[in-house]
file entry04.pdb (PDB, C-alpha atoms, pLDDT in the B column)
ATOM      1  CA  MET A 830     101.623  88.979 104.693  1.00 68.00           C
ATOM      2  CA  ASP A 831      98.195  87.367 104.758  1.00 89.00           C
ATOM      3  CA  TYR A 832      97.576  87.474 108.506  1.00 92.00           C
ATOM      4  CA  GLU A 833      94.342  85.533 108.344  1.00 94.00           C
ATOM      5  CA  GLU A 834      95.991  82.620 106.530  1.00 94.00           C
ATOM      6  CA  TYR A 835      98.961  82.671 108.898  1.00 93.00           C
ATOM      7  CA  ILE A 836      96.725  82.562 111.972  1.00 95.00           C
ATOM      8  CA  ALA A 837      94.539  79.799 110.496  1.00 96.00           C
ATOM      9  CA  GLN A 838      97.660  77.685 109.918  1.00 95.00           C
ATOM     10  CA  ASN A 839      99.143  78.489 113.344  1.00 94.00           C
ATOM     11  CA  LEU A 840      96.232  78.134 115.750  1.00 96.00           C
ATOM     12  CA  ASP A 841      98.611  76.502 118.214  1.00 94.00           C
ATOM     13  CA  ARG A 842      99.720  80.075 119.023  1.00 93.00           C
ATOM     14  CA  ILE A 843      96.212  80.803 120.365  1.00 94.00           C
ATOM     15  CA  PRO A 844      95.663  79.924 124.053  1.00 92.00           C
ATOM     16  CA  GLY A 845      93.850  76.587 124.323  1.00 94.00           C
ATOM     17  CA  LYS A 846      95.160  75.554 120.888  1.00 96.00           C
ATOM     18  CA  PRO A 847      91.842  75.269 119.050  1.00 97.00           C
ATOM     19  CA  LYS A 848      91.604  73.240 115.851  1.00 97.00           C
ATOM     20  CA  LEU A 849      90.558  74.751 112.535  1.00 97.00           C
ATOM     21  CA  ILE A 850      87.019  74.050 111.325  1.00 95.00           C
ATOM     22  CA  GLY A 851      87.080  76.453 108.408  1.00 95.00           C
ATOM     23  CA  GLN A 852      88.001  79.786 106.908  1.00 96.00           C
ATOM     24  CA  HIS A 853      85.585  82.245 105.315  1.00 96.00           C
ATOM     25  CA  TYR A 854      82.764  80.447 107.104  1.00 92.00           C
ATOM     26  CA  TYR A 855      79.343  81.590 105.885  1.00 93.00           C
ATOM     27  CA  THR A 856      76.697  82.524 108.452  1.00 92.00           C
ATOM     28  CA  ARG A 857      73.477  84.513 108.402  1.00 91.00           C
ATOM     29  CA  GLY A 858      75.472  87.281 110.074  1.00 93.00           C
ATOM     30  CA  GLY A 859      78.088  87.406 107.318  1.00 94.00           C
ATOM     31  CA  VAL A 860      81.297  85.628 106.424  1.00 96.00           C
ATOM     32  CA  LEU A 861      83.594  85.164 109.394  1.00 95.00           C
ATOM     33  CA  ASP A 862      87.347  84.834 108.972  1.00 97.00           C
ATOM     34  CA  ILE A 863      88.110  81.685 110.979  1.00 97.00           C
ATOM     35  CA  LEU A 864      86.001  79.164 112.880  1.00 97.00           C
ATOM     36  CA  ALA A 865      87.837  76.846 115.258  1.00 97.00           C
ATOM     37  CA  GLN A 866      86.964  74.396 118.011  1.00 95.00           C
ATOM     38  CA  TYR A 867      88.531  73.656 121.371  1.00 96.00           C
ATOM     39  CA  GLU A 868      89.049  70.130 122.605  1.00 95.00           C
ATOM     40  CA  ASN A 869      86.063  70.500 124.981  1.00 93.00           C
ATOM     41  CA  GLY A 870      83.731  71.278 122.044  1.00 91.00           C
ATOM     42  CA  ASP A 871      83.498  75.053 122.546  1.00 94.00           C
ATOM     43  CA  LEU A 872      83.681  77.028 119.317  1.00 95.00           C
ATOM     44  CA  LEU A 873      85.921  80.012 118.632  1.00 97.00           C
ATOM     45  CA  VAL A 874      85.050  82.715 116.116  1.00 97.00           C
ATOM     46  CA  ILE A 875      88.174  84.601 115.033  1.00 97.00           C
ATOM     47  CA  GLU A 876      88.072  87.928 113.228  1.00 97.00           C
ATOM     48  CA  VAL A 877      91.384  89.313 111.948  1.00 96.00           C
ATOM     49  CA  LYS A 878      91.939  93.037 111.418  1.00 95.00           C
ATOM     50  CA  PRO A 879      95.453  93.979 110.258  1.00 92.00           C
ATOM     51  CA  GLY A 880      95.204  97.539 111.586  1.00 92.00           C
ATOM     52  CA  LEU A 881      93.484  99.512 114.299  1.00 95.00           C
ATOM     53  CA  VAL A 882      90.375  97.758 115.626  1.00 95.00           C
ATOM     54  CA  THR A 883      87.257  99.933 115.550  1.00 96.00           C
ATOM     55  CA  PRO A 884      83.816  99.440 117.121  1.00 97.00           C
ATOM     56  CA  TRP A 885      82.590  98.060 113.784  1.00 96.00           C
ATOM     57  CA  ALA A 886      84.907  95.049 114.225  1.00 96.00           C
ATOM     58  CA  CYS A 887      83.555  94.553 117.756  1.00 96.00           C
ATOM     59  CA  ILE A 888      80.030  94.497 116.354  1.00 96.00           C
ATOM     60  CA  GLN A 889      81.149  92.025 113.668  1.00 95.00           C
ATOM     61  CA  ILE A 890      82.520  89.517 116.176  1.00 96.00           C
ATOM     62  CA  LEU A 891      79.351  89.739 118.283  1.00 96.00           C
ATOM     63  CA  ARG A 892      77.173  89.305 115.186  1.00 96.00           C
ATOM     64  CA  TYR A 893      79.153  86.299 113.974  1.00 96.00           C
ATOM     65  CA  CYS A 894      79.028  84.634 117.402  1.00 95.00           C
ATOM     66  CA  GLY A 895      75.260  85.163 117.529  1.00 93.00           C
ATOM     67  CA  ALA A 896      74.871  83.695 114.054  1.00 94.00           C
ATOM     68  CA  ILE A 897      76.913  80.606 114.989  1.00 93.00           C
ATOM     69  CA  ILE A 898      74.822  80.134 118.138  1.00 90.00           C
ATOM     70  CA  GLU A 899      71.660  80.307 116.039  1.00 88.00           C
ATOM     71  CA  GLN A 900      72.952  78.257 113.102  1.00 86.00           C
ATOM     72  CA  LEU A 901      74.346  75.414 115.176  1.00 81.00           C
ATOM     73  CA  GLU A 902      71.639  75.592 117.861  1.00 75.00           C
ATOM     74  CA  ILE A 903      74.303  76.037 120.533  1.00 66.00           C
ATOM     75  CA  LEU A 904      71.838  77.404 123.105  1.00 60.00           C
ATOM     76  CA  SER A 905      70.359  73.929 123.517  1.00 62.00           C
ATOM     77  CA  SER A 906      73.741  72.346 124.216  1.00 71.00           C
ATOM     78  CA  ASP A 907      76.501  72.754 126.761  1.00 79.00           C
ATOM     79  CA  LYS A 908      78.874  74.207 124.141  1.00 85.00           C
ATOM     80  CA  LYS A 909      79.920  77.844 124.227  1.00 91.00           C
ATOM     81  CA  VAL A 910      80.758  80.181 121.397  1.00 94.00           C
ATOM     82  CA  LYS A 911      83.681  82.479 122.109  1.00 96.00           C
ATOM     83  CA  GLY A 912      84.982  85.400 120.103  1.00 97.00           C
ATOM     84  CA  LEU A 913      88.582  86.414 119.473  1.00 97.00           C
ATOM     85  CA  LEU A 914      89.378  89.665 117.720  1.00 96.00           C
ATOM     86  CA  ILE A 915      92.954  89.928 116.471  1.00 96.00           C
ATOM     87  CA  GLY A 916      94.448  93.218 115.313  1.00 95.00           C
ATOM     88  CA  ARG A 917      97.194  95.776 115.898  1.00 93.00           C
ATOM     89  CA  GLU A 918      95.412  97.560 118.750  1.00 93.00           C
ATOM     90  CA  LEU A 919      91.971  98.595 119.956  1.00 95.00           C
ATOM     91  CA  ASP A 920      90.904 102.183 119.400  1.00 96.00           C
ATOM     92  CA  LYS A 921      89.624 104.068 122.468  1.00 97.00           C
ATOM     93  CA  TYR A 922      85.978 103.166 121.802  1.00 97.00           C
ATOM     94  CA  SER A 923      86.742  99.497 121.226  1.00 96.00           C
ATOM     95  CA  GLN A 924      88.633  99.436 124.526  1.00 96.00           C
ATOM     96  CA  LEU A 925      85.427 100.562 126.243  1.00 96.00           C
ATOM     97  CA  ILE A 926      83.409  97.880 124.454  1.00 96.00           C
ATOM     98  CA  PHE A 927      85.807  95.132 125.551  1.00 94.00           C
ATOM     99  CA  GLN A 928      85.617  96.346 129.158  1.00 94.00           C
ATOM    100  CA  ALA A 929      81.890  95.554 129.069  1.00 95.00           C
ATOM    101  CA  LEU A 930      82.211  92.098 127.463  1.00 93.00           C
ATOM    102  CA  PRO A 931      82.775  88.955 129.545  1.00 93.00           C
ATOM    103  CA  PRO A 932      86.522  88.217 129.244  1.00 92.00           C
ATOM    104  CA  ASP A 933      85.936  84.455 129.301  1.00 92.00           C
ATOM    105  CA  GLN A 934      83.852  84.792 126.113  1.00 93.00           C
ATOM    106  CA  PHE A 935      85.343  87.700 124.158  1.00 96.00           C
ATOM    107  CA  GLN A 936      89.008  88.576 123.932  1.00 95.00           C
ATOM    108  CA  PHE A 937      91.354  90.782 121.958  1.00 95.00           C
ATOM    109  CA  MET A 938      94.811  89.623 120.905  1.00 94.00           C
ATOM    110  CA  SER A 939      97.463  91.806 119.336  1.00 93.00           C
ATOM    111  CA  LEU A 940      99.046  90.783 116.052  1.00 90.00           C
ATOM    112  CA  ASP A 941     102.351  91.874 117.558  1.00 85.00           C
ATOM    113  CA  GLY A 942     103.999  88.789 118.973  1.00 74.00           C
ATOM    114  CA  LEU A 943     101.450  86.500 117.320  1.00 79.00           C
ATOM    115  CA  THR A 944     102.855  86.785 113.804  1.00 69.00           C
ATOM    116  CA  PRO A 945     106.461  86.756 112.605  1.00 68.00           C
ATOM    117  CA  GLU A 946     108.201  90.030 111.830  1.00 55.00           C
ATOM    118  CA  VAL A 947     107.773  91.115 108.209  1.00 45.00           C
TER     119      VAL A 947
END
call {"tool": "encode", "arguments": {"input": "entry04.pdb", "output": "structure tokens"}}
result
Amino acid sequence: MDYEEYIAQNLDRIPGKPKLIGQHYYTRGGVLDILAQYENGDLLVIEVKPGLVTPWACIQILRYCGAIIEQLEILSSDKKVKGLLIGRELDKYSQLIFQALPPDQFQFMSLDGLTPEV
């Protein structure tokens, strides 16, 4: 199953039901999987990892959010950029990273329950 495609087509399963802006969105920080927008204008960067989430993925989501802030000049507006990392589970180091991140800006969601059984 292509999890990224499934999630992009089923964003209504994400809390707040953001709308798709694009997939494989190019930024100075790299190519992010999914960019979406909430009704209030806040942006959501989604990175999909089909397996165990490592600290590298945590760094990716932070880098992509920073690039979107810079690229779209978000700092000068009232919009926020939030990050959502989706995967099977966080490894022990990634769990520590997420404990230090503001939960209203960065969240982890498990693929289990989000995608249909394969």
call {"tool": "residues_around", "arguments": {"input": "entry04.pdb", "residues": "A:Arg857", "least_positions_apart": "4", "cutoff": "9 Å", "atoms": "only C-alpha atoms", "output": "list of chain:residue names"}}
result
A:Tyr893, A:Ala896, A:Ile897, A:Glu899, A:Gln900
call {"tool": "resolve_selection", "arguments": {"input": "entry04.pdb", "expression": "the PyMOL selection byres ((chain A and resi 915) around 7)", "output": "list in words"}}
result
Glu876, Val877, Lys878, Leu913, Leu914, Gly916, Phe937, Met938, Ser939 and Leu940 of chain A
call {"tool": "closest_residue", "arguments": {"input": "entry04.pdb", "among": "A:Pro931, A:Pro844, A:Gly851, A:Gly912", "to": "A:Ala886", "atoms": "only C-alpha atoms"}}
result
A:Gly912
call {"tool": "atom_distance", "arguments": {"input": "entry04.pdb", "atom1": "atom CA of A:Tyr835", "atom2": "atom CA of A:Leu901"}}
result
26.4 Å
call {"tool": "atom_distance", "arguments": {"input": "entry04.pdb", "atom1": "atom CA of A:Ser906", "atom2": "atom CA of A:Asn869"}}
result
12.5 Å
call {"tool": "closest_residue", "arguments": {"input": "entry04.pdb", "among": "A:Tyr922, A:Gly895, A:Gln928, A:Leu943", "to": "A:Gly859", "atoms": "only C-alpha atoms"}}
result
A:Gly895
call {"tool": "closest_residue", "arguments": {"input": "entry04.pdb", "among": "A:Cys894, A:Trp885, A:Leu864, A:Pro879", "to": "A:Phe935", "atoms": "only C-alpha atoms"}}
result
A:Cys894
call {"tool": "resolve_selection", "arguments": {"input": "entry04.pdb", "expression": "the PyMOL selection byres ((chain A and resi 861) around 8)", "output": "PyMOL selection string"}}
result
chain A and resi 852-856+859-860+862-864+874-876+893
call {"tool": "atom_distance", "arguments": {"input": "entry04.pdb", "atom1": "atom CA of A:Lys908", "atom2": "atom CA of A:Asp871"}}
result
5.0 Å
call {"tool": "resolve_selection", "arguments": {"input": "entry04.pdb", "expression": "the PyMOL selection byres ((chain A and resi 870) around 12)", "output": "ChimeraX atom specification"}}
result
/A:845,847-848,850,865-869,871-873,903,906-911
call {"tool": "axis_aligned_box", "arguments": {"input": "entry04.pdb", "around": "stretch 863-878 of chain A", "padding_each_side": "6 Å", "output": "AutoDock Vina command-line options"}}
result
--center_x 87.7 --center_y 81.6 --center_z 118.0 --size_x 20.4 --size_y 34.9 --size_z 26.0
call {"tool": "closest_residue", "arguments": {"input": "entry04.pdb", "among": "A:Leu849, A:Arg892, A:Cys887, A:Tyr832", "to": "A:Gln936", "atoms": "only C-alpha atoms"}}
result
A:Cys887
call {"tool": "build_atoms", "arguments": {"input": "entry04.pdb", "residues": "stretch 883-912 of chain A", "atoms": "N, CA and C atoms", "output": "PDB file, keeping the file's coordinate frame"}}
result
ATOM      1  N   THR A 883      88.300  98.948 115.283  1.00 96.00           N
ATOM      2  CA  THR A 883      87.257  99.933 115.550  1.00 96.00           C
ATOM      3  C   THR A 883      86.009  99.251 116.117  1.00 96.00           C
ATOM      4  N   PRO A 884      85.052 100.045 116.605  1.00 97.00           N
ATOM      5  CA  PRO A 884      83.816  99.440 117.121  1.00 97.00           C
ATOM      6  C   PRO A 884      83.097  98.571 116.087  1.00 97.00           C
ATOM      7  N   TRP A 885      83.233  98.890 114.811  1.00 96.00           N
ATOM      8  CA  TRP A 885      82.590  98.060 113.784  1.00 96.00           C
ATOM      9  C   TRP A 885      83.077  96.608 113.877  1.00 96.00           C
ATOM     10  N   ALA A 886      84.365  96.408 114.102  1.00 96.00           N
ATOM     11  CA  ALA A 886      84.907  95.049 114.225  1.00 96.00           C
ATOM     12  C   ALA A 886      84.350  94.360 115.470  1.00 96.00           C
ATOM     13  N   CYS A 887      84.146  95.121 116.531  1.00 96.00           N
ATOM     14  CA  CYS A 887      83.555  94.553 117.756  1.00 96.00           C
ATOM     15  C   CYS A 887      82.129  94.079 117.478  1.00 96.00           C
ATOM     16  N   ILE A 888      81.393  94.885 116.732  1.00 96.00           N
ATOM     17  CA  ILE A 888      80.030  94.497 116.354  1.00 96.00           C
ATOM     18  C   ILE A 888      80.069  93.252 115.466  1.00 96.00           C
ATOM     19  N   GLN A 889      81.019  93.201 114.550  1.00 95.00           N
ATOM     20  CA  GLN A 889      81.149  92.025 113.668  1.00 95.00           C
ATOM     21  C   GLN A 889      81.311  90.749 114.477  1.00 95.00           C
ATOM     22  N   ILE A 890      82.238  90.751 115.425  1.00 96.00           N
ATOM     23  CA  ILE A 890      82.520  89.517 116.176  1.00 96.00           C
ATOM     24  C   ILE A 890      81.298  89.091 116.990  1.00 96.00           C
ATOM     25  N   LEU A 891      80.574  90.052 117.545  1.00 96.00           N
ATOM     26  CA  LEU A 891      79.351  89.739 118.283  1.00 96.00           C
ATOM     27  C   LEU A 891      78.290  89.165 117.343  1.00 96.00           C
ATOM     28  N   ARG A 892      78.156  89.764 116.167  1.00 96.00           N
ATOM     29  CA  ARG A 892      77.173  89.305 115.186  1.00 96.00           C
ATOM     30  C   ARG A 892      77.490  87.888 114.712  1.00 96.00           C
ATOM     31  N   TYR A 893      78.754  87.637 114.428  1.00 96.00           N
ATOM     32  CA  TYR A 893      79.153  86.299 113.974  1.00 96.00           C
ATOM     33  C   TYR A 893      78.931  85.250 115.065  1.00 96.00           C
ATOM     34  N   CYS A 894      79.256  85.585 116.298  1.00 95.00           N
ATOM     35  CA  CYS A 894      79.028  84.634 117.402  1.00 95.00           C
ATOM     36  C   CYS A 894      77.543  84.329 117.540  1.00 95.00           C
ATOM     37  N   GLY A 895      76.709  85.371 117.462  1.00 93.00           N
ATOM     38  CA  GLY A 895      75.260  85.163 117.529  1.00 93.00           C
ATOM     39  C   GLY A 895      74.756  84.289 116.395  1.00 93.00           C
ATOM     40  N   ALA A 896      75.289  84.494 115.207  1.00 94.00           N
ATOM     41  CA  ALA A 896      74.871  83.695 114.054  1.00 94.00           C
ATOM     42  C   ALA A 896      75.276  82.230 114.219  1.00 94.00           C
ATOM     43  N   ILE A 897      76.462  81.989 114.756  1.00 93.00           N
ATOM     44  CA  ILE A 897      76.913  80.606 114.989  1.00 93.00           C
ATOM     45  C   ILE A 897      76.037  79.938 116.044  1.00 93.00           C
ATOM     46  N   ILE A 898      75.715  80.682 117.102  1.00 90.00           N
ATOM     47  CA  ILE A 898      74.822  80.134 118.138  1.00 90.00           C
ATOM     48  C   ILE A 898      73.492  79.719 117.510  1.00 90.00           C
ATOM     49  N   GLU A 899      72.937  80.595 116.694  1.00 88.00           N
ATOM     50  CA  GLU A 899      71.660  80.307 116.039  1.00 88.00           C
ATOM     51  C   GLU A 899      71.787  79.162 115.033  1.00 88.00           C
ATOM     52  N   GLN A 900      72.785  79.226 114.182  1.00 86.00           N
ATOM     53  CA  GLN A 900      72.952  78.257 113.102  1.00 86.00           C
ATOM     54  C   GLN A 900      73.198  76.847 113.638  1.00 86.00           C
ATOM     55  N   LEU A 901      73.997  76.738 114.662  1.00 81.00           N
ATOM     56  CA  LEU A 901      74.346  75.414 115.176  1.00 81.00           C
ATOM     57  C   LEU A 901      73.531  75.030 116.401  1.00 81.00           C
ATOM     58  N   GLU A 902      72.525  75.850 116.721  1.00 75.00           N
ATOM     59  CA  GLU A 902      71.639  75.592 117.861  1.00 75.00           C
ATOM     60  C   GLU A 902      72.436  75.332 119.138  1.00 75.00           C
ATOM     61  N   ILE A 903      73.411  76.179 119.376  1.00 66.00           N
ATOM     62  CA  ILE A 903      74.303  76.037 120.533  1.00 66.00           C
ATOM     63  C   ILE A 903      73.563  76.244 121.852  1.00 66.00           C
ATOM     64  N   LEU A 904      72.535  77.101 121.853  1.00 60.00           N
ATOM     65  CA  LEU A 904      71.838  77.404 123.105  1.00 60.00           C
ATOM     66  C   LEU A 904      71.258  76.160 123.762  1.00 60.00           C
ATOM     67  N   SER A 905      70.948  75.147 122.964  1.00 62.00           N
ATOM     68  CA  SER A 905      70.359  73.929 123.517  1.00 62.00           C
ATOM     69  C   SER A 905      71.420  72.897 123.898  1.00 62.00           C
ATOM     70  N   SER A 906      72.677  73.282 123.847  1.00 71.00           N
ATOM     71  CA  SER A 906      73.741  72.346 124.216  1.00 71.00           C
ATOM     72  C   SER A 906      74.617  72.970 125.295  1.00 71.00           C
ATOM     73  N   ASP A 907      75.597  72.224 125.740  1.00 79.00           N
ATOM     74  CA  ASP A 907      76.501  72.754 126.761  1.00 79.00           C
ATOM     75  C   ASP A 907      77.730  73.419 126.142  1.00 79.00           C
ATOM     76  N   LYS A 908      77.765  73.540 124.825  1.00 85.00           N
ATOM     77  CA  LYS A 908      78.874  74.207 124.141  1.00 85.00           C
ATOM     78  C   LYS A 908      78.750  75.719 124.288  1.00 85.00           C
ATOM     79  N   LYS A 909      79.886  76.385 124.213  1.00 91.00           N
ATOM     80  CA  LYS A 909      79.920  77.844 124.227  1.00 91.00           C
ATOM     81  C   LYS A 909      80.526  78.329 122.921  1.00 91.00           C
ATOM     82  N   VAL A 910      80.151  79.526 122.537  1.00 94.00           N
ATOM     83  CA  VAL A 910      80.758  80.181 121.397  1.00 94.00           C
ATOM     84  C   VAL A 910      81.527  81.376 121.930  1.00 94.00           C
ATOM     85  N   LYS A 911      82.817  81.404 121.638  1.00 96.00           N
ATOM     86  CA  LYS A 911      83.681  82.479 122.109  1.00 96.00           C
ATOM     87  C   LYS A 911      84.166  83.287 120.913  1.00 96.00           C
ATOM     88  N   GLY A 912      84.508  84.536 121.161  1.00 97.00           N
ATOM     89  CA  GLY A 912      84.982  85.400 120.103  1.00 97.00           C
ATOM     90  C   GLY A 912      86.388  85.893 120.390  1.00 97.00           C
TER      91      GLY A 912
END
